[in-house]
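A short write-up of the structure that comes next.
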Amino acid sequence: MSFEPLPPVAATGFDRVIDLGAGALPDLIAGLLADARAAARDDRLAAERRVREAVELVQREGKRLLDDARPPPITGGLAPWQIRRVDAHIAAHLDAPVKVSDLAALVRLSVSHFSRAFAVSYGGGAREHIIQRRLERARRMMVETSEPLGQIAAACGFADQAHFSNRFRRAFETSPLVWRRLHQRDQDTSIGLADAALA
């Protein structure tokens with residue numbers, strides 16, 4: 001049986017990076033080990049070289065594949081203590097105006113530095129993040145309570161019901177009233193099914 005050297009193999013092992021996908025790596029290693037097993041009968045040095053090449057390939061390419069799969073570290077964002085403080089402040093003040101300048105002061109940053117760091121940490125601007133938190137609270141209230149939409153809008157920090165409806169429609173492509181009817185019906189159905197299962 002002849003053993004053709006792999007293109008990137010030198011006498012001392014792999015001397016350059018092979019651009020392998022994760023799917024090609026097992027086949028390449030299996031081929032090296034099969035060659036080593038076959039060579040072990042006739043040429044012990046060739047077999048040892050193939051095993052060494054397989055080990056080097058696993059070590060280097062396996063590490064590279066893991067490094068490629070790992071998300072890059074987030075730099076320039078808020079520190080964990082700052083994120084906790086911002087989240088707590090927003091949650092506690094969703095029913096009132098929340099100013100970006102107040103959030104920046106809370107974590108001892110300038111408004112411009114805070115805005116950049118916030119966008120890195122949260123993936124968007126502070127104002128939109130606050131609106132999203134308000135909409136989440138409103139949806140929870142619409143399903144869990146029977147309060148009128150105007151009261152829910154006020155409790156979630158919207159200027160009025162029209163402002164709430166406008167923002168809700170933009171985010172979910174339906175009106176709050178239609179969304180509420182649909183989701184309250186779903187909740188009533190699931191409660192009825194749970195009650196029936198217990199009976």
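All residue names refer to the structure tokens as shown: chains lettered A, B, ... in order, residues numbered from 1 in each chain, ligands numbered from 1 in order.
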request  = Might you pull out every residue within 12 Å of region 159-174 of chain A, with only C-alpha atoms counted and same-chain residues fewer than 4 positions away left off, and present them as a list in words?
outcome  =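 Counting only the stated atoms, we get Leu94, Asp95, Ala96, Pro97, Glu128, Ile130, Ile131, Gln132, Arg133, Arg134, Leu135, Glu136, Arg137, Ala138, Arg139, Pro148, Leu149, Gly150, Gln151, Ile152, Ala153, Ala154, Ala155, Val178, Trp179, Arg180, Arg181 and Leu182 of chain A.
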key: Contacts of Gln184 (chain A) within 9 Å, only C-alpha atoms, excl. fewer than 5 positions in-chain, as a VMD selection string   = chain A and resid 142 to 144 179 189
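Shortest atom-to-atom contact with Val51 (chain A) among A:Lys63, A:Ala69, A:Val98, A:Ile29: A:Ile29, counting only C-alpha atoms.
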ask   = Of the candidates A:Ala117, A:Ala126, A:Leu28, A:Leu33, which shows the shortest atom-to-atom distance to Glu61 (chain A), using only C-alpha atoms?
value = A:Leu28
